[in-house]
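One structure is given below, encoded as structure tokens.
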Amino acid sequence: MADRHVRFNGLWSVLLISVLAGAPSGPVQAQGEPWPVKGKLFGQARDAKGADFKKSEDVSGIACATETGFPRLCLIADDEAPGAQIVILGDGEIIAGSFIPLVSDIHVSGKGKQRLAELDAEAVAYAGGSFYVTGSHGRPRHSDDGTTEADAKAAVTRRIFKITLPADAVDLATGKLTGSASVTPSTALETQLKIKLDGAFDAALKDNGLTIEGLAVTGTTLHVGLRAPVLSDSGDAGAAKAVILSTPLEAIFGPSPGKDASKLTRLDLKTQAGAPRGIRDLVAYKGSLMMIAGPVLDPNDGAVKAGDYAIYRFSDGQTTKLAELPGYGTKIKPEALLPLDQTGDTVRALILFDGADEGGGRTVTFKLP
């Protein structure tokens, strides 16, 4: 049966998240205060030259070049910035480094003010010596723009970038770039998404429209985690599942991009109450995929309750809930997951947040089954 895209109303966004029946999971243990940031993480550009930036308040993704040890060379994204930023991760500290511009489109506000457009970067991955950063590929969500302006903003987000930093081109003490980053843009992911999810492409999030929020690479395959759409064969929201689109990297950055080379995987991340959850971040971890699941629609009052968000693992065709996350405050949404280390079956991970100053990074621990 063909996929039917579910239309949401405000009810789903206020349902209390509960533990899935029979799903093995344990409590997450939060540790300590938010990680301090040395320097400044960049958010929205204040002008059209990229000479001045607001402080980041909307961190949406992070990936590192190594999986163990410190310091780590990483790349971080804020969904209102026109690029991504190098950071050096210590054990308990983030050092803000050089900013790498990715888009140069100019946005003109309704008052005629010019500034660099937002990429709406929602996810970062690392594999094979390169970082990958993707825009949401979705419609603007918090805007009263007219159709023409909204179309222009959406076009900016429909790009994915491969970023390669030359060996020894970053000072690990400061995060400063001492060489030139190689940046390769592509719009071929848009083609794959249109082929597989045409009914959701270019629709608003409130109408279950396509929005990317996770990105991971395993081997030569790129996995794209979708906040929306969630899909149901019957059209019943209670049966809707989250979606990962997987496609060969060559189909995006190879010599002949654009072929139908992707597949969809559906994951049951919803709650007992029936509220669908989409993917809010995705990370490759020891041969599996780990993710943050969260509401497709944020509640109107911005409340984030304990259990609204959860951590899952997808491995060997099985989806396992690992932990429910506590509430961290109004409008503070977990949107970036980075495993730090593992002792026995206990994983220690860093979570970064949309809505917190410079990510508001906090360490959590949880057990693998």
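Residues are named by chain letter and number: chains run A, B, ... in the order of the structure tokens, numbers start at 1 in each chain, and ligands are numbered from 1 in the order shown.
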Polymer residues at most 7 Å from Tyr126 of chain A, only C-alpha atoms, same-chain spacing of 4 or more positions, as a ChimeraX atom specification: /A:63-65,130-132,217
Can you spit out the residues from that selection as a PDB file, in the first residue's frame, using all heavy atoms?
```pdb
ATOM      1  N   ALA A  63      29.761  16.406  15.151  1.00  0.00           N
ATOM      2  CA  ALA A  63      30.453  15.162  14.839  1.00  0.00           C
ATOM      3  C   ALA A  63      31.941  15.397  15.026  1.00  0.00           C
ATOM      4  O   ALA A  63      32.427  16.531  14.891  1.00  0.00           O
ATOM      5  CB  ALA A  63      30.158  14.708  13.413  1.00  0.00           C
ATOM      6  N   CYS A  64      32.658  14.329  15.334  1.00  0.00           N
ATOM      7  CA  CYS A  64      34.092  14.437  15.600  1.00  0.00           C
ATOM      8  C   CYS A  64      34.872  13.488  14.704  1.00  0.00           C
ATOM      9  O   CYS A  64      34.370  12.455  14.254  1.00  0.00           O
ATOM     10  CB  CYS A  64      34.394  14.135  17.067  1.00  0.00           C
ATOM     11  SG  CYS A  64      33.582  15.269  18.218  1.00  0.00           S
ATOM     12  N   ALA A  65      36.149  13.848  14.484  1.00  0.00           N
ATOM     13  CA  ALA A  65      37.002  13.069  13.598  1.00  0.00           C
ATOM     14  C   ALA A  65      37.519  11.799  14.254  1.00  0.00           C
ATOM     15  O   ALA A  65      38.006  10.900  13.561  1.00  0.00           O
ATOM     16  CB  ALA A  65      38.171  13.924  13.120  1.00  0.00           C
ATOM     17  N   SER A 130      36.294  13.043   6.119  1.00  0.00           N
ATOM     18  CA  SER A 130      35.514  14.240   5.777  1.00  0.00           C
ATOM     19  C   SER A 130      34.315  14.392   6.708  1.00  0.00           C
ATOM     20  O   SER A 130      33.746  13.400   7.190  1.00  0.00           O
ATOM     21  CB  SER A 130      35.012  14.170   4.328  1.00  0.00           C
ATOM     22  OG  SER A 130      36.079  14.170   3.409  1.00  0.00           O
ATOM     23  N   PHE A 131      33.956  15.646   6.936  1.00  0.00           N
ATOM     24  CA  PHE A 131      32.716  15.968   7.628  1.00  0.00           C
ATOM     25  C   PHE A 131      31.610  16.167   6.592  1.00  0.00           C
ATOM     26  O   PHE A 131      31.869  16.552   5.442  1.00  0.00           O
ATOM     27  CB  PHE A 131      32.861  17.257   8.440  1.00  0.00           C
ATOM     28  CG  PHE A 131      33.758  17.130   9.640  1.00  0.00           C
ATOM     29  CD1 PHE A 131      35.096  17.488   9.572  1.00  0.00           C
ATOM     30  CD2 PHE A 131      33.258  16.675  10.851  1.00  0.00           C
ATOM     31  CE1 PHE A 131      35.927  17.382  10.677  1.00  0.00           C
ATOM     32  CE2 PHE A 131      34.073  16.567  11.971  1.00  0.00           C
ATOM     33  CZ  PHE A 131      35.415  16.916  11.879  1.00  0.00           C
ATOM     34  N   TYR A 132      30.377  15.945   7.021  1.00  0.00           N
ATOM     35  CA  TYR A 132      29.205  16.190   6.182  1.00  0.00           C
ATOM     36  C   TYR A 132      28.211  17.035   6.975  1.00  0.00           C
ATOM     37  O   TYR A 132      27.928  16.736   8.135  1.00  0.00           O
ATOM     38  CB  TYR A 132      28.557  14.872   5.756  1.00  0.00           C
ATOM     39  CG  TYR A 132      29.465  14.009   4.910  1.00  0.00           C
ATOM     40  CD1 TYR A 132      30.348  13.103   5.495  1.00  0.00           C
ATOM     41  CD2 TYR A 132      29.460  14.123   3.521  1.00  0.00           C
ATOM     42  CE1 TYR A 132      31.199  12.332   4.727  1.00  0.00           C
ATOM     43  CE2 TYR A 132      30.310  13.350   2.739  1.00  0.00           C
ATOM     44  CZ  TYR A 132      31.180  12.453   3.346  1.00  0.00           C
ATOM     45  OH  TYR A 132      32.035  11.699   2.573  1.00  0.00           O
ATOM     46  N   VAL A 217      27.015   8.278   8.768  1.00  0.00           N
ATOM     47  CA  VAL A 217      27.614   7.507   7.681  1.00  0.00           C
ATOM     48  C   VAL A 217      28.132   6.194   8.255  1.00  0.00           C
ATOM     49  O   VAL A 217      28.827   6.178   9.274  1.00  0.00           O
ATOM     50  CB  VAL A 217      28.776   8.265   7.008  1.00  0.00           C
ATOM     51  CG1 VAL A 217      29.401   7.419   5.905  1.00  0.00           C
ATOM     52  CG2 VAL A 217      28.291   9.597   6.435  1.00  0.00           C
TER      53      VAL A 217
END
```
Write out as a JSON list (two decimals) with all heavy atoms, in the first residue's frame each polymer residue whose atoms come within 7 Å of Val296 of chain A, counting only C-alpha atoms; drop sequence neighbours fewer than 3 positions from it.
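Full text of out-v9.json as output:
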```json
[["chain", "number", "residue", "atom", "x", "y", "z"],
["A", 227, "ARG", "N", 12.97, 14.14, 11.01],
["A", 227, "ARG", "CA", 12.00, 14.55, 12.03],
["A", 227, "ARG", "C", 10.59, 14.33, 11.49],
["A", 227, "ARG", "O", 9.68, 13.92, 12.22],
["A", 227, "ARG", "CB", 12.22, 16.02, 12.36],
["A", 227, "ARG", "CG", 11.19, 16.62, 13.30],
["A", 227, "ARG", "CD", 11.57, 18.03, 13.67],
["A", 227, "ARG", "NE", 10.55, 18.70, 14.47],
["A", 227, "ARG", "CZ", 10.72, 19.89, 15.04],
["A", 227, "ARG", "NH1", 11.87, 20.53, 14.91],
["A", 227, "ARG", "NH2", 9.75, 20.44, 15.76],
["A", 228, "ALA", "N", 10.44, 14.60, 10.21],
["A", 228, "ALA", "CA", 9.19, 14.37, 9.50],
["A", 228, "ALA", "C", 9.52, 14.21, 8.02],
["A", 228, "ALA", "O", 10.55, 14.70, 7.56],
["A", 228, "ALA", "CB", 8.21, 15.53, 9.72],
["A", 276, "PRO", "N", 3.39, 10.27, 17.71],
["A", 276, "PRO", "CA", 4.54, 9.93, 16.88],
["A", 276, "PRO", "C", 5.78, 10.70, 17.31],
["A", 276, "PRO", "O", 5.68, 11.85, 17.75],
["A", 276, "PRO", "CB", 4.10, 10.35, 15.47],
["A", 276, "PRO", "CG", 3.11, 11.43, 15.71],
["A", 276, "PRO", "CD", 2.42, 11.10, 17.00],
["A", 277, "ARG", "N", 6.92, 10.07, 17.21],
["A", 277, "ARG", "CA", 8.19, 10.75, 17.44],
["A", 277, "ARG", "C", 9.03, 10.63, 16.18],
["A", 277, "ARG", "O", 9.09, 9.57, 15.56],
["A", 277, "ARG", "CB", 8.93, 10.16, 18.63],
["A", 277, "ARG", "CG", 8.33, 10.55, 19.96],
["A", 277, "ARG", "CD", 9.30, 10.34, 21.11],
["A", 277, "ARG", "NE", 9.32, 8.97, 21.58],
["A", 277, "ARG", "CZ", 9.65, 8.63, 22.84],
["A", 277, "ARG", "NH1", 9.96, 9.57, 23.72],
["A", 277, "ARG", "NH2", 9.66, 7.37, 23.21],
["A", 278, "GLY", "N", 9.67, 11.74, 15.83],
["A", 278, "GLY", "CA", 10.59, 11.73, 14.72],
["A", 278, "GLY", "C", 12.02, 11.65, 15.22],
["A", 278, "GLY", "O", 12.27, 11.57, 16.43]]
```
A:Lys367, A:Ala356, A:Pro248, A:Ala303 ranked by distance to Leu41 of chain A, top pick (using only C-alpha atoms):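 Distance minimum relative to Leu41 of chain A lands on A:Ala356.
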Quick one: residues within 9 Å of Ser98 of chain A, only C-alpha atoms, excluding same-chain residues fewer than 6 positions away - as an NGL selection string? :A and (84-87 or 170 or 174-177)
Determine which residues of segment 59-303 of chain A receive a DSSP assignment of alpha helix (DSSP H), computed from the backbone, and state them as a ChimeraX atom specification. /A:147-157,188-196,249-253
Using only C-alpha atoms, which of the listed residues (A:Val28, A:Ala240, A:Ala51, A:Ile252) sits closest to Arg348 of chain A? A:Val28
Using the chain letters and numbers from this document, which residues of segment 39-274 of chain A does DSSP assign to strand (DSSP E), as a PyMOL selection string? chain A and resi 42-45+53-55+59-64+72-78+83-90+93-101+106-108+114-116+121-127+130-135+160-164+182-186+211-218+221-232+241-248+263-267
Between A:Gly209, A:Gly329, A:Pro166, A:Gly50, which has the minimum distance to Arg139 of chain A (counting only C-alpha atoms)?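 With only C-alpha atoms as the atom set, the closest residue is A:Gly209.
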